[in-house]
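A.B. asks: As input, take model-v8.txt (compact mmCIF, C-alpha atoms):
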# COMPACT_ATOMS: atom_id res chain seq x y z
CA MET Q 14 -5.49 -1.40 -9.88
CA LYS Q 15 -3.42 -0.91 -6.76
CA ASN Q 16 -0.08 -2.63 -6.39
CA ASN Q 17 0.11 -2.88 -2.60
CA ASN Q 18 2.43 -5.72 -1.70
CA HIS Q 19 3.38 -5.31 1.96
CA GLN Q 20 5.08 -8.70 2.20
CA LEU Q 21 7.97 -8.83 4.65
CA GLY Q 22 10.64 -11.28 3.64
CA ARG Q 23 14.14 -12.62 4.05
CA ILE Q 24 16.09 -15.52 2.64
CA LEU Q 25 16.86 -18.32 5.07
CA SER Q 26 20.06 -20.26 4.77
CA ARG Q 27 19.81 -23.96 3.99
CA ARG Q 28 20.82 -24.81 7.57
CA GLU Q 29 18.24 -22.42 9.06
CA ALA Q 30 15.46 -23.79 6.92
CA LEU Q 31 16.15 -27.41 7.72
CA GLY Q 32 16.62 -26.67 11.40
CA PHE Q 33 13.33 -24.80 11.60
CA PHE Q 34 11.08 -27.14 9.62
CA ARG Q 35 12.87 -30.52 9.77
CA VAL Q 36 10.62 -33.57 9.72
CA ALA Q 37 12.23 -36.97 10.21
CA GLY Q 38 13.20 -38.37 6.81
CA THR Q 39 11.75 -35.40 4.93
CA ALA Q 40 13.58 -32.53 3.24
CA ILE Q 41 12.03 -29.06 3.13
CA PHE Q 42 11.72 -27.25 -0.21
CA LEU Q 43 10.36 -23.78 -0.94
CA VAL Q 44 9.28 -22.64 2.51
CA GLY Q 45 7.18 -19.49 2.83
CA CYS Q 46 5.40 -17.40 5.38
CA THR Q 47 3.87 -17.06 8.83
CA PRO Q 48 0.11 -16.38 8.63
CA ARG Q 49 -1.42 -13.11 9.74
CA LYS Q 50 -3.40 -13.04 12.98
CA SER Q 51 -6.44 -11.11 11.80
CA SER Q 52 -7.75 -9.06 8.92
CA SER Q 53 -6.78 -5.88 10.76
CA ALA Q 54 -3.31 -7.02 11.71
CA GLN Q 55 -0.17 -6.62 9.66
CA ALA Q 56 1.59 -9.73 8.38
CA GLN Q 57 3.95 -10.86 11.11
CA SER Q 58 6.72 -12.18 8.94
CA SER Q 59 7.47 -13.97 5.72
CA VAL Q 60 10.37 -16.26 4.96
CA ALA Q 61 11.42 -17.96 1.78
CA VAL Q 62 13.97 -20.57 0.85
CA ALA Q 63 15.34 -20.18 -2.65
CA ALA Q 64 15.15 -23.37 -4.68
CA SER Q 65 18.75 -22.87 -5.81
CA SER Q 66 20.00 -22.88 -2.21
CA ILE Q 67 18.62 -26.37 -1.57
CA GLY Q 68 18.83 -27.81 -5.05
CA ASN Q 69 20.46 -31.02 -3.79
CA LEU Q 70 17.43 -31.94 -1.68
CA ALA Q 71 15.43 -34.61 -3.48
CA THR Q 72 12.29 -35.10 -1.36
CA LEU Q 73 9.32 -32.74 -1.18
CA PRO Q 74 7.32 -32.51 2.05
CA ALA Q 75 3.66 -33.46 2.13
CA CYS Q 76 2.71 -29.79 2.26
CA ILE Q 77 4.49 -26.65 1.12
CA VAL Q 78 4.31 -23.17 2.62
CA ARG Q 79 4.47 -20.40 0.04
CA PRO Q 80 4.80 -16.61 0.37
CA GLU Q 81 1.95 -14.44 1.48
CA GLN Q 82 1.01 -11.77 -1.06
CA THR Q 83 -1.19 -8.69 -1.07
CA GLU Q 84 -4.95 -9.01 -0.71
CA GLY Q 85 -5.45 -6.25 -3.28
CA PRO Q 86 -8.33 -3.77 -3.40
CA TYR Q 87 -11.10 -6.13 -4.54
CA PHE Q 88 -11.72 -8.55 -1.65
CA VAL Q 89 -15.35 -8.50 -0.52
CA ASP Q 90 -16.42 -10.79 2.32
CA GLU Q 91 -19.59 -11.98 0.59
CA LYS Q 92 -20.01 -15.07 2.79
CA LEU Q 93 -21.07 -17.09 -0.25
CA ASN Q 94 -20.66 -20.72 0.75
CA ARG Q 95 -20.52 -22.45 -2.63
CA SER Q 96 -18.23 -24.60 -4.73
CA ASP Q 97 -19.32 -23.40 -8.18
CA ILE Q 98 -18.61 -19.66 -8.24
CA ARG Q 99 -19.43 -18.98 -11.90
CA SER Q 100 -23.01 -17.80 -11.37
CA ASP Q 101 -24.31 -14.48 -10.12
CA PRO Q 102 -26.92 -15.03 -7.36
CA SER Q 103 -28.48 -11.65 -8.13
CA ASP Q 104 -29.78 -12.68 -11.55
CA GLY Q 105 -28.78 -16.32 -12.17
CA SER Q 106 -26.42 -15.46 -15.02
CA VAL Q 107 -23.29 -17.60 -15.49
CA LYS Q 108 -19.92 -16.24 -16.53
CA ASP Q 109 -18.54 -17.60 -19.77
CA GLY Q 110 -14.97 -18.84 -20.02
CA VAL Q 111 -12.71 -21.86 -20.15
CA PRO Q 112 -13.70 -24.15 -17.23
CA LEU Q 113 -11.27 -24.47 -14.32
CA LYS Q 114 -11.49 -26.98 -11.45
CA LEU Q 115 -9.36 -25.77 -8.55
CA THR Q 116 -8.56 -27.95 -5.53
CA LEU Q 117 -6.76 -26.49 -2.52
CA ARG Q 118 -5.28 -28.76 0.16
CA VAL Q 119 -4.67 -26.93 3.45
CA SER Q 120 -2.33 -28.35 6.10
CA GLU Q 121 -0.81 -27.19 9.35
CA ILE Q 122 2.97 -27.44 9.59
CA SER Q 123 4.33 -28.36 13.00
CA GLY Q 124 7.32 -30.12 14.47
CA SER Q 125 5.68 -33.46 13.76
CA GLY Q 126 5.10 -32.75 10.07
CA CYS Q 127 2.07 -31.79 7.99
CA THR Q 128 -1.44 -32.36 9.30
CA PRO Q 129 -4.60 -31.78 7.21
CA LEU Q 130 -6.41 -28.73 8.57
CA ALA Q 131 -10.16 -29.28 8.81
CA GLY Q 132 -12.69 -26.47 9.31
CA ALA Q 133 -10.68 -23.67 7.69
CA ILE Q 134 -12.58 -21.14 5.58
CA VAL Q 135 -11.05 -20.71 2.12
CA ASP Q 136 -12.20 -17.83 -0.11
CA ILE Q 137 -11.26 -17.34 -3.73
CA TRP Q 138 -12.05 -14.40 -6.00
CA HIS Q 139 -10.90 -13.23 -9.43
CA CYS Q 140 -11.91 -11.26 -12.49
CA ASP Q 141 -14.05 -12.53 -15.36
CA ALA Q 142 -12.88 -13.20 -18.92
CA LEU Q 143 -12.87 -9.47 -19.67
CA GLY Q 144 -10.97 -8.42 -16.55
CA VAL Q 145 -13.95 -7.30 -14.45
CA TYR Q 146 -14.46 -8.03 -10.72
CA SER Q 147 -17.88 -8.27 -9.11
CA ASP Q 148 -19.34 -6.05 -6.36
CA VAL Q 149 -16.78 -3.23 -6.64
CA THR Q 150 -16.35 0.13 -8.30
CA ASP Q 151 -13.42 0.90 -10.56
CA ARG Q 152 -12.55 3.60 -13.06
CA SER Q 153 -13.76 1.36 -15.88
CA PHE Q 154 -16.70 -0.48 -14.29
CA ASN Q 155 -19.26 -0.51 -11.48
CA THR Q 156 -20.50 -3.97 -10.51
CA VAL Q 157 -21.87 -3.25 -7.02
CA GLY Q 158 -24.52 -5.83 -6.17
CA LYS Q 159 -23.08 -8.51 -8.46
CA LYS Q 160 -21.35 -11.52 -6.87
CA PHE Q 161 -19.93 -13.58 -9.72
CA LEU Q 162 -16.59 -15.39 -9.34
CA ARG Q 163 -16.56 -15.15 -5.55
CA GLY Q 164 -17.16 -17.78 -2.91
CA TYR Q 165 -15.79 -19.85 -0.06
CA GLN Q 166 -15.66 -23.46 1.05
CA VAL Q 167 -14.78 -25.05 4.41
CA THR Q 168 -11.98 -27.60 4.39
CA ASP Q 169 -13.03 -31.20 5.01
CA ALA Q 170 -11.31 -33.77 7.22
CA ASN Q 171 -8.53 -34.01 4.62
CA GLY Q 172 -8.02 -30.25 4.51
CA ILE Q 173 -9.50 -30.06 1.01
CA VAL Q 174 -11.77 -27.56 -0.73
CA GLU Q 175 -12.83 -27.66 -4.38
CA PHE Q 176 -14.02 -24.86 -6.65
CA THR Q 177 -15.51 -24.77 -10.13
CA THR Q 178 -14.75 -21.52 -11.91
CA ILE Q 179 -13.34 -20.17 -15.19
CA TYR Q 180 -9.84 -19.32 -16.32
CA PRO Q 181 -9.38 -15.66 -15.24
CA GLY Q 182 -9.06 -12.87 -17.77
CA TRP Q 183 -6.60 -10.01 -17.59
CA TYR Q 184 -6.58 -6.28 -16.95
CA PRO Q 185 -3.88 -3.60 -17.33
CA GLY Q 186 -1.15 -3.58 -14.69
CA ARG Q 187 -1.37 -7.22 -13.61
CA THR Q 188 -0.58 -10.68 -14.88
CA VAL Q 189 -3.21 -13.45 -14.76
CA HIS Q 190 -4.05 -14.47 -11.19
CA ILE Q 191 -6.56 -15.77 -8.64
CA HIS Q 192 -6.76 -14.42 -5.09
CA PHE Q 193 -7.26 -16.75 -2.14
CA LYS Q 194 -7.61 -16.33 1.61
CA VAL Q 195 -7.50 -18.98 4.35
CA ARG Q 196 -9.03 -18.16 7.72
CA THR Q 197 -8.95 -20.37 10.77
CA ASP Q 198 -8.81 -20.41 14.56
CA ALA Q 199 -5.70 -21.80 16.20
CA THR Q 200 -6.00 -24.22 19.10
CA SER Q 201 -5.35 -21.30 21.45
CA GLY Q 202 -8.40 -19.49 20.08
CA GLN Q 203 -6.22 -17.01 18.19
CA ARG Q 204 -7.56 -16.24 14.73
CA TYR Q 205 -5.16 -16.51 11.80
CA GLU Q 206 -5.31 -15.53 8.15
CA PHE Q 207 -3.17 -16.36 5.16
CA THR Q 208 -3.74 -14.43 1.95
CA SER Q 209 -1.99 -14.91 -1.37
CA GLN Q 210 -2.44 -15.30 -5.11
CA LEU Q 211 -2.20 -18.11 -7.66
CA TYR Q 212 -0.65 -17.72 -11.10
CA PHE Q 213 -0.72 -19.38 -14.51
CA ASP Q 214 1.84 -20.42 -17.08
CA ASP Q 215 2.07 -17.64 -19.68
CA SER Q 216 2.00 -20.06 -22.61
CA ILE Q 217 -1.30 -21.55 -21.44
CA SER Q 218 -2.80 -18.09 -20.92
CA ASP Q 219 -1.78 -17.13 -24.45
CA ARG Q 220 -3.65 -20.14 -25.83
CA VAL Q 221 -6.73 -19.54 -23.71
CA TYR Q 222 -6.92 -15.89 -24.76
CA THR Q 223 -7.29 -16.79 -28.43
CA GLN Q 224 -10.75 -18.14 -27.58
CA ALA Q 225 -14.05 -16.36 -26.99
CA PRO Q 226 -14.89 -14.40 -24.91
CA TYR Q 227 -11.26 -13.60 -23.97
CA ALA Q 228 -10.18 -12.71 -27.50
CA SER Q 229 -12.52 -9.71 -27.67
CA LYS Q 230 -10.35 -7.90 -25.11
CA GLY Q 231 -7.29 -8.01 -27.36
CA GLN Q 232 -3.69 -8.87 -26.57
CA ARG Q 233 -2.79 -8.70 -22.89
CA THR Q 234 -0.28 -6.11 -21.75
CA GLN Q 235 1.56 -7.85 -18.89
CA LYS Q 236 3.07 -11.27 -18.31
CA ASN Q 237 4.40 -12.93 -15.18
CA VAL Q 238 7.98 -11.64 -15.20
CA GLU Q 239 6.74 -8.05 -15.69
CA ASP Q 240 4.35 -8.16 -12.72
CA GLY Q 241 5.77 -6.59 -9.55
CA ILE Q 242 3.66 -8.76 -7.25
CA PHE Q 243 4.54 -11.96 -9.10
CA GLN Q 244 8.22 -11.06 -8.66
CA ASP Q 245 7.81 -11.50 -4.88
CA GLY Q 246 7.57 -15.29 -4.88
CA GLY Q 247 5.09 -15.83 -7.69
CA ASP Q 248 7.15 -18.67 -9.14
CA GLN Q 249 6.23 -20.63 -5.99
CA LEU Q 250 2.53 -19.92 -6.59
CA LEU Q 251 2.20 -21.20 -10.15
CA LEU Q 252 -0.62 -23.66 -10.75
CA LYS Q 253 0.28 -26.91 -12.51
CA LEU Q 254 -2.62 -27.28 -14.89
CA THR Q 255 -3.83 -30.50 -16.48
CA LYS Q 256 -6.41 -30.81 -19.24
CA ASN Q 257 -9.91 -31.55 -17.94
CA GLY Q 258 -12.45 -31.95 -20.74
CA GLN Q 259 -12.83 -28.56 -22.39
CA GLY Q 260 -10.91 -26.84 -19.61
CA TYR Q 261 -8.24 -27.35 -16.96
CA ALA Q 262 -7.79 -28.66 -13.43
CA ALA Q 263 -5.20 -27.91 -10.76
CA THR Q 264 -4.43 -28.90 -7.18
CA PHE Q 265 -2.43 -26.61 -4.93
CA ASP Q 266 -1.04 -27.26 -1.42
CA VAL Q 267 -1.10 -24.56 1.26
CA GLY Q 268 0.83 -25.17 4.48
CA LEU Q 269 0.19 -22.92 7.49
CA GLN Q 270 2.66 -22.42 10.32
CA MET Q 271 0.27 -21.56 13.13
CA ALA Q 272 2.40 -22.13 16.22
Can you give me the file's structure in the form of structure tokens?

C.D. replies:
Amino acid sequence: MKNNNHQLGRILSRREALGFFRVAGTAIFLVGCTPRKSSSAQAQSSVAVAASSIGNLATLPACIVRPEQTEGPYFVDEKLNRSDIRSDPSDGSVKDGVPLKLTLRVSEISGSGCTPLAGAIVDIWHCDALGVYSDVTDRSFNTVGKKFLRGYQVTDANGIVEFTTIYPGWYPGRTVHIHFKVRTDATSGQRYEFTSQLYFDDSISDRVYTQAPYASKGQRTQKNVEDGIFQDGGDQLLLKLTKNGQGYAATFDVGLQMA
């Protein structure tokens, strides 16, 4: 697995952050990056405000921008418009694992605040319970033609997309994660992308991995603090999971600065 994090970053001072993103009556907390213009373009810039530098601010904004992170080697633009990504369209099989309901709320950040962004394409993709991705070749597997655990949805009028999937497994060299990509056209007609990753609390992963089919892979080799990509802002990308029947649910806010 490649570890290609080309994120550009700097720490803003408290005054810079508030001056740049101030909304009347609203304090800004954990601000992240400027989206990329296209899939072939380099990330323009990425900024982050350390929580410790604004620890006295009590109010969270309606949406939160978080750091952009590497796409990784396994993105495939399958154009699979579906909410439930557990099945493989090639043979109808369904991936086993602990159920996960993932809701992403996408907003545009502007001088007037946070506005739900309708019509944005949001892809997610991740490995199965045994650490295998679909439709790619790797040293340990070849899944070309399979399309499990991949798909996209288009944000509704409230900027929301919902996915049904499973808790991801693990593979050597990385901590547990889900990739996501948001693509949209700005009002000027300029295309923008934002690509990053979502992470999980290590203690929850440890519990999940005692269950089948995860347990057959053995004890995982890397946790969050040991992952080089997680170290670049991963603490801002942690999912807050709640129990949901036999599985979990999480909602995550993504704010895009498109101006």

A.B. asks: So the first atom is atom CA of Q:Glu121 and the second is atom CA of Q:Met271; what is the distance between them in Å, to one decimal place?

C.D. replies: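 Atom CA of Q:Glu121 sits 6.9 Å away from atom CA of Q:Met271.
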
A.B. asks: Which residues come within 9 Å of stretch 190-196 of chain Q, counting only C-alpha atoms, excluding same-chain residues fewer than 2 positions away, as JSON, numbers by chain?

C.D. replies: {"Q": [51, 83, 84, 85, 88, 119, 133, 134, 135, 136, 137, 138, 139, 140, 181, 182, 183, 187, 188, 198, 204, 205, 206, 207, 208, 209, 210, 211, 212, 213]}

A.B. asks: If we count all atoms listed in the file and set the cut-off at 8 Å, which residues sit around Q:Leu254, ignoring sequence neighbours fewer than 4 positions away in its own chain? Please answer as number ranges by chain.

C.D. replies: Q: 261-263

A.B. asks: Using all atoms listed in the file, which protein or nucleic acid residues come within 7 Å of stretch 94-107 of chain Q? Drop anything in the same chain fewer than 5 positions from it, and give the result as a PyMOL selection string.

C.D. replies: chain Q and resi 159-166+175-178

A.B. asks: Near Q:Pro226, within 8 Å and counting all atoms listed in the file, which residues show up once chain neighbours fewer than 4 positions away are dropped, as a ChimeraX atom specification?

C.D. replies: /Q:109-110,142-143,230

A.B. asks: Under the rule that all atoms listed in the file are counted, which of Q:Thr156, Q:Gln270, Q:Thr197, Q:Gln235 is the nearest residue to Q:Gly132?

C.D. replies: Q:Thr197
